[in-house]
>>> print(open('protein.txt').read())   # compact mmCIF, C-alpha atoms
# COMPACT_ATOMS: atom_id res chain seq x y z
CA MET S 1 135.89 7.46 -34.60
CA LYS S 2 135.32 10.59 -32.52
CA LYS S 3 133.52 12.20 -35.41
CA ILE S 4 131.25 9.22 -35.83
CA TRP S 5 130.09 9.32 -32.17
CA MET S 6 129.69 13.08 -32.09
CA SER S 7 127.11 13.04 -34.86
CA PRO S 8 124.64 10.80 -33.03
CA LEU S 9 125.22 12.71 -29.83
CA SER S 10 124.45 15.98 -31.56
CA GLY S 11 121.27 14.50 -32.94
CA ILE S 12 120.16 13.34 -29.48
CA LEU S 13 120.79 16.76 -27.99
CA PHE S 14 118.93 18.39 -30.86
CA LEU S 15 115.89 16.15 -30.32
CA THR S 16 115.96 16.78 -26.60
CA ALA S 17 115.92 20.50 -27.21
CA CYS S 18 113.01 20.12 -29.63
CA GLY S 19 111.04 18.06 -27.11
CA GLN S 20 111.41 20.75 -24.46
CA SER S 21 110.42 23.69 -26.65
CA PRO S 22 106.61 22.95 -26.68
CA SER S 23 106.49 23.06 -22.85
CA VAL S 24 107.71 26.63 -23.04
CA THR S 25 105.02 27.71 -25.49
CA GLN S 26 102.22 25.85 -23.66
CA THR S 27 103.01 27.40 -20.27
CA PRO S 28 100.74 30.49 -20.83
CA GLN S 29 97.85 28.22 -21.85
CA VAL S 30 97.74 26.31 -18.57
CA PRO S 31 95.96 29.06 -16.58
CA ALA S 32 93.49 29.55 -19.43
CA VAL S 33 92.59 25.86 -19.34
CA ASP S 34 92.23 25.98 -15.53
CA THR S 35 90.06 29.08 -15.74
CA LEU S 36 87.77 27.54 -18.36
CA THR S 37 87.51 24.36 -16.33
CA SER S 38 86.56 26.22 -13.16
CA THR S 39 83.99 28.30 -15.02
CA LEU S 40 82.26 25.33 -16.60
CA SER S 41 82.48 23.01 -13.62
CA PRO S 42 78.98 23.88 -12.30
CA ILE S 43 77.45 23.10 -15.69
CA SER S 44 79.29 19.83 -16.04
CA THR S 45 78.31 18.93 -12.48
CA ASN S 46 74.61 19.57 -13.17
CA MET S 47 74.74 17.68 -16.39
CA SER S 48 76.09 14.69 -14.54
CA ARG S 49 73.16 14.61 -12.13
CA PRO S 50 70.18 12.39 -12.81
CA VAL S 51 67.25 14.12 -14.51
CA PRO S 52 64.74 13.64 -11.62
CA THR S 53 66.86 15.84 -9.31
CA GLU S 54 65.99 18.86 -11.48
CA THR S 55 62.25 18.60 -10.65
CA PRO S 56 61.14 21.75 -8.72
CA THR S 57 60.37 21.18 -5.06
CA VAL S 58 57.41 23.66 -5.19
CA PRO S 59 54.23 21.89 -6.38
CA ILE S 60 52.77 23.14 -9.68
CA THR S 61 49.11 24.23 -9.72
CA PRO S 62 47.13 21.82 -11.89
CA LEU S 63 45.95 23.32 -15.18
CA SER S 64 42.44 22.06 -14.58
CA THR S 65 41.72 25.03 -12.28
CA ILE S 66 42.68 27.67 -14.85
CA PRO S 67 40.15 27.53 -17.72
CA THR S 68 37.11 29.25 -16.17
CA PHE S 69 36.09 30.30 -19.68
CA THR S 70 36.44 27.94 -22.62
CA PRO S 71 36.65 29.63 -26.03
CA THR S 72 35.41 26.58 -27.92
CA PHE S 73 32.40 24.49 -27.02
CA ASP S 74 31.04 21.05 -27.55
CA ALA S 75 27.40 21.03 -28.59
CA SER S 76 26.70 18.27 -26.10
CA THR S 77 27.55 20.65 -23.25
CA ILE S 78 25.20 23.33 -24.55
CA LEU S 79 22.08 21.53 -25.75
CA THR S 80 21.09 20.23 -22.35
CA VAL S 81 17.90 22.24 -21.76
CA THR S 82 14.67 20.27 -21.98
CA PRO S 83 11.99 22.22 -23.88
CA ALA S 84 8.60 22.52 -22.27
CA PRO S 85 5.80 20.33 -23.66
CA LYS S 86 3.49 21.85 -26.25
CA ALA S 87 1.25 24.29 -24.44
CA ALA S 88 -2.53 24.30 -24.79
CA CYS S 89 -3.64 27.95 -24.97
CA PRO S 90 -7.06 29.57 -25.20
CA LYS S 91 -8.26 29.98 -28.77
CA THR S 92 -7.74 33.53 -30.00
CA ASN S 93 -10.98 35.47 -30.50
CA SER S 94 -10.55 38.25 -33.05
CA LYS S 95 -13.72 40.01 -31.78
CA ILE S 96 -12.08 40.86 -28.46
CA ARG S 97 -10.63 44.36 -28.60
CA VAL S 98 -7.65 45.13 -26.46
CA GLY S 99 -8.77 48.77 -26.17
CA ASP S 100 -11.82 47.70 -24.18
CA TYR S 101 -9.57 46.28 -21.47
CA PHE S 102 -6.91 48.98 -21.62
CA PRO S 103 -8.64 52.14 -22.86
CA GLY S 104 -6.18 54.78 -21.66
CA LYS S 105 -2.62 55.34 -20.54
CA LEU S 106 -1.61 53.32 -17.52
CA ASP S 107 -0.50 55.11 -14.39
CA TYR S 108 2.20 54.14 -11.97
CA PRO S 109 1.28 52.43 -9.77
CA SER S 110 -1.46 50.33 -11.37
CA PRO S 111 -1.48 47.13 -9.28
CA ASP S 112 -4.56 45.68 -11.01
CA THR S 113 -2.89 45.61 -14.44
CA THR S 114 -1.52 42.11 -13.87
CA THR S 115 -5.01 40.71 -13.28
CA LYS S 116 -6.37 42.51 -16.35
CA ILE S 117 -3.65 41.00 -18.53
CA LEU S 118 -4.49 37.49 -17.34
CA ASP S 119 -8.22 38.07 -17.91
CA PHE S 120 -7.61 39.40 -21.41
CA LEU S 121 -5.46 36.44 -22.44
CA ASN S 122 -7.76 33.82 -20.93
CA ILE S 123 -10.86 34.99 -22.77
CA GLY S 124 -9.04 34.69 -26.08
CA GLY S 125 -7.32 38.06 -26.40
CA ASP S 126 -4.44 38.28 -28.87
CA GLY S 127 -1.10 38.51 -27.10
CA HIS S 128 0.55 40.36 -30.00
CA ALA S 129 -2.23 42.95 -29.98
CA LEU S 130 -1.72 43.35 -26.23
CA ILE S 131 2.00 44.08 -26.71
CA ALA S 132 1.23 46.65 -29.39
CA ARG S 133 -1.18 48.36 -27.00
CA LEU S 134 1.27 48.32 -24.08
CA GLU S 135 3.86 50.05 -26.25
CA LYS S 136 1.54 53.06 -26.31
CA ILE S 137 0.21 53.13 -22.75
CA TYR S 138 2.84 51.51 -20.53
CA PRO S 139 4.58 53.99 -18.16
CA TYR S 140 8.31 53.34 -18.31
CA GLY S 141 10.26 54.22 -15.19
CA GLY S 142 13.48 55.35 -16.83
CA ASP S 143 16.52 53.10 -17.25
CA TYR S 144 15.83 50.89 -14.26
CA ARG S 145 12.11 50.10 -14.22
CA GLY S 146 9.60 48.50 -16.50
CA GLY S 147 9.31 46.16 -19.42
CA PHE S 148 7.10 43.65 -21.19
CA GLY S 149 7.33 41.16 -24.03
CA PHE S 150 5.74 38.19 -25.77
CA TYR S 151 8.49 35.59 -26.30
CA ASP S 152 8.95 31.84 -26.25
CA VAL S 153 11.31 31.41 -23.29
CA THR S 154 10.58 27.71 -22.60
CA GLY S 155 11.25 26.22 -26.03
CA ASP S 156 7.70 24.92 -26.67
CA HIS S 157 7.16 27.24 -29.69
CA VAL S 158 4.39 29.07 -27.84
CA PRO S 159 5.22 32.57 -26.55
CA GLU S 160 4.98 33.50 -22.89
CA LEU S 161 3.89 36.93 -21.65
CA LEU S 162 6.64 38.71 -19.68
CA PHE S 163 5.61 41.75 -17.67
CA VAL S 164 7.10 43.95 -14.95
CA GLU S 165 4.29 44.66 -12.48
CA LEU S 166 3.21 48.28 -12.15
CA LYS S 167 3.42 48.66 -8.39
CA TYR S 168 5.97 49.70 -5.81
CA ASP S 169 7.06 46.13 -5.09
CA GLY S 170 6.43 45.03 -8.67
CA LYS S 171 8.54 42.19 -10.04
CA PRO S 172 9.03 40.55 -13.45
CA VAL S 173 6.38 37.86 -13.89
CA ILE S 174 5.84 35.27 -16.63
CA PHE S 175 2.44 34.03 -17.79
CA SER S 176 2.34 30.75 -19.69
CA CYS S 177 -0.32 28.49 -21.14
CA LYS S 178 -1.22 25.34 -19.23
CA ASN S 179 -4.29 23.13 -19.51
CA GLY S 180 -6.01 25.58 -21.84
CA SER S 181 -5.48 28.79 -19.86
CA TYR S 182 -2.82 31.30 -18.93
CA GLU S 183 -1.38 31.21 -15.44
CA SER S 184 1.63 32.51 -13.57
CA LEU S 185 4.68 30.43 -14.45
CA ALA S 186 7.40 32.23 -12.49
CA THR S 187 8.44 35.42 -10.73
CA LEU S 188 12.00 36.44 -11.56
CA SER S 189 13.15 38.63 -8.69
CA GLY S 190 16.58 37.16 -8.09
CA LYS S 191 17.88 36.30 -4.64
CA HIS S 192 16.46 39.36 -2.88
CA ASP S 193 13.81 41.99 -3.42
CA SER S 194 14.84 45.24 -5.08
CA LEU S 195 13.15 48.56 -5.72
CA GLU S 196 13.09 48.42 -9.51
CA TYR S 197 13.27 45.75 -12.20
CA THR S 198 13.72 45.61 -15.93
CA PHE S 199 14.67 42.81 -18.32
CA GLN S 200 15.66 41.80 -21.83
CA THR S 201 15.91 38.48 -23.65
CA ASP S 202 18.51 36.94 -25.93
CA ASP S 203 19.80 33.47 -26.73
CA LEU S 204 23.29 34.05 -25.36
CA ASN S 205 24.50 30.44 -25.27
CA MET S 206 22.87 29.66 -28.64
CA ASN S 207 20.99 26.57 -27.48
CA GLY S 208 17.64 27.58 -28.99
CA ILE S 209 16.06 28.84 -25.75
CA PRO S 210 16.60 32.53 -24.94
CA GLU S 211 17.88 33.68 -21.57
CA ILE S 212 16.04 36.33 -19.56
CA ILE S 213 18.42 39.03 -18.34
CA VAL S 214 16.83 40.68 -15.30
CA THR S 215 18.29 43.85 -13.81
CA ALA S 216 17.40 44.51 -10.17
CA THR S 217 18.21 48.02 -8.95
CA ASP S 218 18.36 49.69 -5.54
CA GLY S 219 19.10 53.36 -5.01
CA ALA S 220 18.53 56.52 -6.98
CA SER S 221 21.36 58.91 -7.86
CA PHE S 222 24.10 56.24 -7.71
CA PRO S 223 22.20 52.94 -7.86
CA GLN S 224 23.47 49.45 -7.16
CA CYS S 225 22.47 47.02 -9.91
CA ILE S 226 22.46 43.24 -9.75
CA ILE S 227 21.95 41.42 -13.04
CA TYR S 228 20.56 37.89 -13.04
CA VAL S 229 20.64 35.64 -16.11
CA PHE S 230 17.78 33.14 -16.03
CA GLU S 231 17.32 30.10 -18.26
CA TRP S 232 14.59 27.48 -18.49
CA ASN S 233 15.89 24.04 -17.44
CA GLY S 234 12.76 22.05 -18.32
CA GLN S 235 11.02 22.59 -14.99
CA THR S 236 11.85 26.08 -13.76
CA PHE S 237 13.96 29.15 -14.47
CA GLN S 238 17.39 28.79 -12.89
CA ILE S 239 20.00 31.48 -12.39
CA VAL S 240 22.95 30.72 -14.70
CA GLY S 241 24.80 34.00 -14.16
CA GLN S 242 24.94 36.94 -11.77
CA VAL S 243 26.91 40.19 -11.73
CA GLY S 244 26.83 43.35 -9.60
CA ILE S 245 27.77 46.81 -10.86
CA LEU S 246 27.24 50.37 -9.68
CA ALA S 247 25.26 52.79 -11.83
CA LEU S 248 24.66 50.51 -14.82
CA ARG S 249 24.56 52.71 -17.93
CA GLN S 250 24.57 50.25 -20.79
CA THR S 251 24.20 46.56 -21.57
CA GLN S 252 25.64 45.19 -24.80
CA ILE S 253 25.48 41.75 -26.37
CA ARG S 254 28.41 40.88 -28.61
CA ASN S 255 29.73 38.02 -30.65
CA PRO S 256 33.17 39.37 -31.59
CA ASP S 257 34.70 36.16 -32.95
CA ARG S 258 31.44 34.75 -34.36
CA SER S 259 31.70 31.80 -31.98
CA LYS S 260 28.91 29.48 -30.94
CA THR S 261 28.02 31.67 -27.97
CA LYS S 262 27.71 35.38 -27.26
CA GLU S 263 29.22 37.68 -24.65
CA ILE S 264 27.21 40.08 -22.52
CA VAL S 265 28.86 43.34 -21.51
CA PHE S 266 27.85 45.66 -18.65
CA ILE S 267 29.09 49.25 -18.60
CA GLY S 268 28.70 51.52 -15.58
CA ASN S 269 30.43 52.82 -12.45
CA ASN S 270 30.53 56.38 -13.79
CA PRO S 271 28.03 58.68 -12.00
CA VAL S 272 26.49 61.35 -14.21
CA CYS S 273 24.32 63.18 -11.69
CA VAL S 274 25.37 66.43 -10.04
CA SER S 275 25.12 64.98 -6.55
CA CYS S 276 27.53 62.18 -7.53
CA SER S 277 30.47 64.51 -8.24
CA ASN S 278 32.10 63.49 -4.97
CA PHE S 279 32.59 59.92 -6.16
CA ILE S 280 36.26 60.13 -7.13
CA PRO S 281 37.68 58.76 -9.33
CA GLN S 282 34.86 58.80 -11.86
CA ARG S 283 36.01 55.86 -13.95
CA GLN S 284 33.87 53.77 -16.23
CA ARG S 285 33.88 50.02 -15.59
CA THR S 286 33.26 47.39 -18.27
CA ILE S 287 32.47 43.83 -17.16
CA THR S 288 32.22 41.04 -19.75
CA TYR S 289 30.57 37.67 -19.11
CA GLY S 290 30.75 34.57 -21.30
CA TRP S 291 29.33 31.05 -21.32
CA ASN S 292 31.58 28.26 -19.99
CA GLY S 293 29.24 25.36 -20.78
CA LYS S 294 27.17 25.56 -17.58
CA HIS S 295 27.13 29.17 -16.39
CA PHE S 296 27.91 32.69 -17.45
CA VAL S 297 31.19 33.68 -15.81
CA GLU S 298 33.28 36.83 -15.74
CA ILE S 299 35.97 36.87 -18.41
CA SER S 300 37.12 40.49 -18.09
CA ASN S 301 36.71 43.43 -15.71
CA GLU S 302 38.28 46.69 -16.82
CA LEU S 303 38.38 50.28 -15.65
CA ALA S 304 38.75 53.12 -18.12
CA PRO S 305 41.73 55.46 -17.57
CA GLN S 306 41.05 58.15 -14.99
CA ASN S 307 40.03 61.51 -16.39
CA ILE S 308 43.05 63.64 -15.56
CA ALA S 309 41.10 66.78 -16.42
CA SER S 310 38.61 66.24 -13.58
CA LYS S 311 39.22 68.38 -10.53
CA PRO S 312 39.85 66.59 -7.23
CA PHE S 313 37.19 66.86 -4.59
CA LYS S 314 37.81 69.46 -1.89
CA MET S 315 36.16 69.37 1.49
CA PRO S 316 33.97 72.48 1.85
CA ILE S 317 34.87 74.92 4.61
CA LEU S 318 32.11 75.32 7.17
CA ARG S 319 31.79 78.85 8.54
CA LEU S 320 30.02 79.17 11.88
>>> encode(input="protein.txt", output="structure tokens")
Amino acid sequence: MKKIWMSPLSGILFLTACGQSPSVTQTPQVPAVDTLTSTLSPISTNMSRPVPTETPTVPITPLSTIPTFTPTFDASTILTVTPAPKAACPKTNSKIRVGDYFPGKLDYPSPDTTTKILDFLNIGGDGHALIARLEKIYPYGGDYRGGFGFYDVTGDHVPELLFVELKYDGKPVIFSCKNGSYESLATLSGKHDSLEYTFQTDDLNMNGIPEIIVTATDGASFPQCIIYVFEWNGQTFQIVGQVGILALRQTQIRNPDRSKTKEIVFIGNNPVCVSCSNFIPQRQRTITYGWNGKHFVEISNELAPQNIASKPFKMPILRL
């Protein structure tokens, strides 16, 4: 009988020993579990919070204020200019010779040239012949003064005469046909009078009516240039873009991505005259303007790397 009871008792003790053995092996794992739990507790706490509590307290700037330049355009935002009505011009008379009105080279200043141009056109003179004559006798004033052209800038399929007056306060003027004769349509001098003016034309926003790009310049060796972009709005020429740059050296018109509109680039800020050597650093600036649907706005403004080979300016020593 003793043997019979000892066998179950041995089995119970054996099972008790087996039940206690895992607690010995799991003892080193307890700190690891505690460490992992303490490390992840912030994450689990955040995950348990409602989603709205994660909204930043600082207000976000609305995206509507960012796109000052739109790379793609809707035609409805571009084709908004009303062309001028069909102009009634004087009938061209082939017997009128432009050389009789402008026999020799024009001098600067020649303040009566504007009146002579109007007289020539109103008696039936050929505008194209006039431009060909001016190309031979017009006195250009360098990079910053002068210019003329015979272009349709109002969209009526009749060209206007554009001319920078040959006088000290001369401005770009436009002569257009109205009621059977040529008359002054506009003076494009910008928002203030400058010493010199020049211009060029191009359909930058590709709406069928070219813009007139007028450069107004003050100063000589290191001039300040203000560029105005004018466009006909059906009644007058409005300024749709303006940029200022020192010592304008070059104007470029680009269409790099063959989009519906063009970019206009102004390069300057780098004096080339001897008296400008004190303007340090002599770094070239490139300003690019593009059409945003209503105006030409700045889309980039970059300075070329400084010329490390240029010597720094030293104040001269005055000996008394």
>>> residues_around(input="protein.txt", residues="range 172-187 of chain S", least_positions_apart="6", cutoff="6 Å", atoms="all atoms listed in the file", output="PyMOL selection string")
chain S and resi 87-90+122+160-164
>>> closest_atom_pairs(input="protein.txt", of="range 243-263 of chain S", to="range 195-213 of chain S", cutoff="12 Å", atoms="only C-alpha atoms", output="tab-separated table")
residue	atom	partner	partner_atom	distance
S:Val243	CA	S:Ile213	CA	10.8
S:Thr251	CA	S:Gln200	CA	9.8
S:Gln252	CA	S:Gln200	CA	11.0
S:Ile253	CA	S:Leu204	CA	8.1
S:Arg254	CA	S:Leu204	CA	9.1
S:Asn255	CA	S:Leu204	CA	9.2
S:Arg258	CA	S:Met206	CA	11.5
S:Ser259	CA	S:Met206	CA	9.7
S:Lys260	CA	S:Met206	CA	6.5
S:Thr261	CA	S:Asn205	CA	4.6
S:Lys262	CA	S:Leu204	CA	5.0
S:Glu263	CA	S:Leu204	CA	7.0
>>> write_last_selection(input="protein.txt", atoms="C-alpha atoms", output="JSON list (two decimals), keeping the file's coordinate frame")
[["chain", "number", "residue", "atom", "x", "y", "z"],
["S", 243, "VAL", "CA", 26.91, 40.19, -11.73],
["S", 251, "THR", "CA", 24.20, 46.56, -21.57],
["S", 252, "GLN", "CA", 25.64, 45.19, -24.80],
["S", 253, "ILE", "CA", 25.48, 41.75, -26.37],
["S", 254, "ARG", "CA", 28.41, 40.88, -28.61],
["S", 255, "ASN", "CA", 29.73, 38.02, -30.65],
["S", 258, "ARG", "CA", 31.44, 34.75, -34.36],
["S", 259, "SER", "CA", 31.70, 31.80, -31.98],
["S", 260, "LYS", "CA", 28.91, 29.48, -30.94],
["S", 261, "THR", "CA", 28.02, 31.67, -27.97],
["S", 262, "LYS", "CA", 27.71, 35.38, -27.26],
["S", 263, "GLU", "CA", 29.22, 37.68, -24.65]]
>>> closest_residue(input="protein.txt", among="S:Arg285, S:Lys171, S:Lys105, S:His157", to="Arg145 in chain S", atoms="only C-alpha atoms")
S:Lys171
>>> atom_distance(input="protein.txt", atom1="CA of Ile264 in chain S", atom2="CA of Tyr289 in chain S")
5.4 Å
>>> atom_distance(input="protein.txt", atom1="CA of Phe266 in chain S", atom2="CA of Ile299 in chain S")
12.0 Å
>>> atom_distance(input="protein.txt", atom1="CA of His295 in chain S", atom2="CA of Gly155 in chain S")
18.8 Å
>>> residues_around(input="protein.txt", residues="Ile267 in chain S", least_positions_apart="5", cutoff="8 Å", atoms="only C-alpha atoms", output="NGL selection string")
:S and (248-251 or 284-287)
>>> closest_residue(input="protein.txt", among="S:Asp107, S:Asp193, S:Glu302, S:Asp126", to="Cys225 in chain S", atoms="all atoms listed in the file")
S:Asp193
>>> closest_residue(input="protein.txt", among="S:Ala220, S:Leu188, S:Leu166, S:Ile226", to="Thr115 in chain S", atoms="only C-alpha atoms")
S:Leu166
>>> closest_residue(input="protein.txt", among="S:Asp218, S:Glu135, S:Asp257, S:Glu298", to="Gln242 in chain S", atoms="all atoms listed in the file")
S:Glu298
>>> residues_around(input="protein.txt", residues="Asn93 in chain S", least_positions_apart="4", cutoff="12 Å", atoms="only C-alpha atoms", output="PDB file with C-alpha atoms, in the coordinates of the input")
ATOM      1  CA  CYS S  89      -3.640  27.950 -24.970  1.00  0.00           C
ATOM      2  CA  ARG S  97     -10.630  44.360 -28.600  1.00  0.00           C
ATOM      3  CA  VAL S  98      -7.650  45.130 -26.460  1.00  0.00           C
ATOM      4  CA  PHE S 120      -7.610  39.400 -21.410  1.00  0.00           C
ATOM      5  CA  LEU S 121      -5.460  36.440 -22.440  1.00  0.00           C
ATOM      6  CA  ASN S 122      -7.760  33.820 -20.930  1.00  0.00           C
ATOM      7  CA  ILE S 123     -10.860  34.990 -22.770  1.00  0.00           C
ATOM      8  CA  GLY S 124      -9.040  34.690 -26.080  1.00  0.00           C
ATOM      9  CA  GLY S 125      -7.320  38.060 -26.400  1.00  0.00           C
ATOM     10  CA  ASP S 126      -4.440  38.280 -28.870  1.00  0.00           C
ATOM     11  CA  GLY S 127      -1.100  38.510 -27.100  1.00  0.00           C
ATOM     12  CA  ALA S 129      -2.230  42.950 -29.980  1.00  0.00           C
TER      13      ALA S 129
END
>>> build_atoms(input="protein.txt", residues="range 149-167 of chain S", atoms="N, CA and C atoms", output="short mmCIF file (atom, residue, chain, number, x, y, z; two decimals), keeping the file's coordinate frame")
data_model
loop_
_atom_site.label_atom_id
_atom_site.label_comp_id
_atom_site.auth_asym_id
_atom_site.auth_seq_id
_atom_site.Cartn_x
_atom_site.Cartn_y
_atom_site.Cartn_z
N GLY S 149 6.99 41.85 -22.78
CA GLY S 149 7.33 41.16 -24.03
C GLY S 149 6.50 39.90 -24.20
N PHE S 150 6.50 39.39 -25.42
CA PHE S 150 5.74 38.19 -25.77
C PHE S 150 6.71 37.27 -26.51
N TYR S 151 7.43 36.41 -25.75
CA TYR S 151 8.49 35.59 -26.30
C TYR S 151 8.33 34.14 -25.84
N ASP S 152 8.86 33.24 -26.66
CA ASP S 152 8.95 31.84 -26.25
C ASP S 152 10.24 31.67 -25.46
N VAL S 153 10.13 31.55 -24.15
CA VAL S 153 11.31 31.41 -23.29
C VAL S 153 11.40 30.02 -22.67
N THR S 154 10.54 29.08 -23.11
CA THR S 154 10.58 27.71 -22.60
C THR S 154 10.85 26.69 -23.70
N GLY S 155 10.93 27.12 -24.94
CA GLY S 155 11.25 26.22 -26.03
C GLY S 155 10.11 25.36 -26.52
N ASP S 156 8.85 25.72 -26.21
CA ASP S 156 7.70 24.92 -26.67
C ASP S 156 7.04 25.52 -27.91
N HIS S 157 7.66 26.56 -28.49
CA HIS S 157 7.16 27.24 -29.69
C HIS S 157 5.86 27.99 -29.45
N VAL S 158 5.54 28.25 -28.20
CA VAL S 158 4.39 29.07 -27.84
C VAL S 158 4.90 30.20 -26.96
N PRO S 159 4.63 31.45 -27.32
CA PRO S 159 5.22 32.57 -26.55
C PRO S 159 4.59 32.72 -25.17
N GLU S 160 5.42 33.14 -24.24
CA GLU S 160 4.98 33.50 -22.89
C GLU S 160 4.89 35.02 -22.79
N LEU S 161 4.02 35.50 -21.88
CA LEU S 161 3.89 36.93 -21.65
C LEU S 161 4.76 37.33 -20.47
N LEU S 162 5.75 38.20 -20.73
CA LEU S 162 6.64 38.71 -19.68
C LEU S 162 6.22 40.14 -19.36
N PHE S 163 6.17 40.46 -18.06
CA PHE S 163 5.61 41.75 -17.67
C PHE S 163 6.18 42.16 -16.31
N VAL S 164 6.66 43.40 -16.23
CA VAL S 164 7.10 43.95 -14.95
C VAL S 164 5.90 44.64 -14.30
N GLU S 165 5.49 44.16 -13.15
CA GLU S 165 4.29 44.66 -12.48
C GLU S 165 4.40 46.15 -12.19
N LEU S 166 3.26 46.83 -12.34
CA LEU S 166 3.21 48.28 -12.15
C LEU S 166 2.77 48.60 -10.72
N LYS S 167 3.65 48.31 -9.78
CA LYS S 167 3.42 48.66 -8.39
C LYS S 167 4.75 48.81 -7.69
#
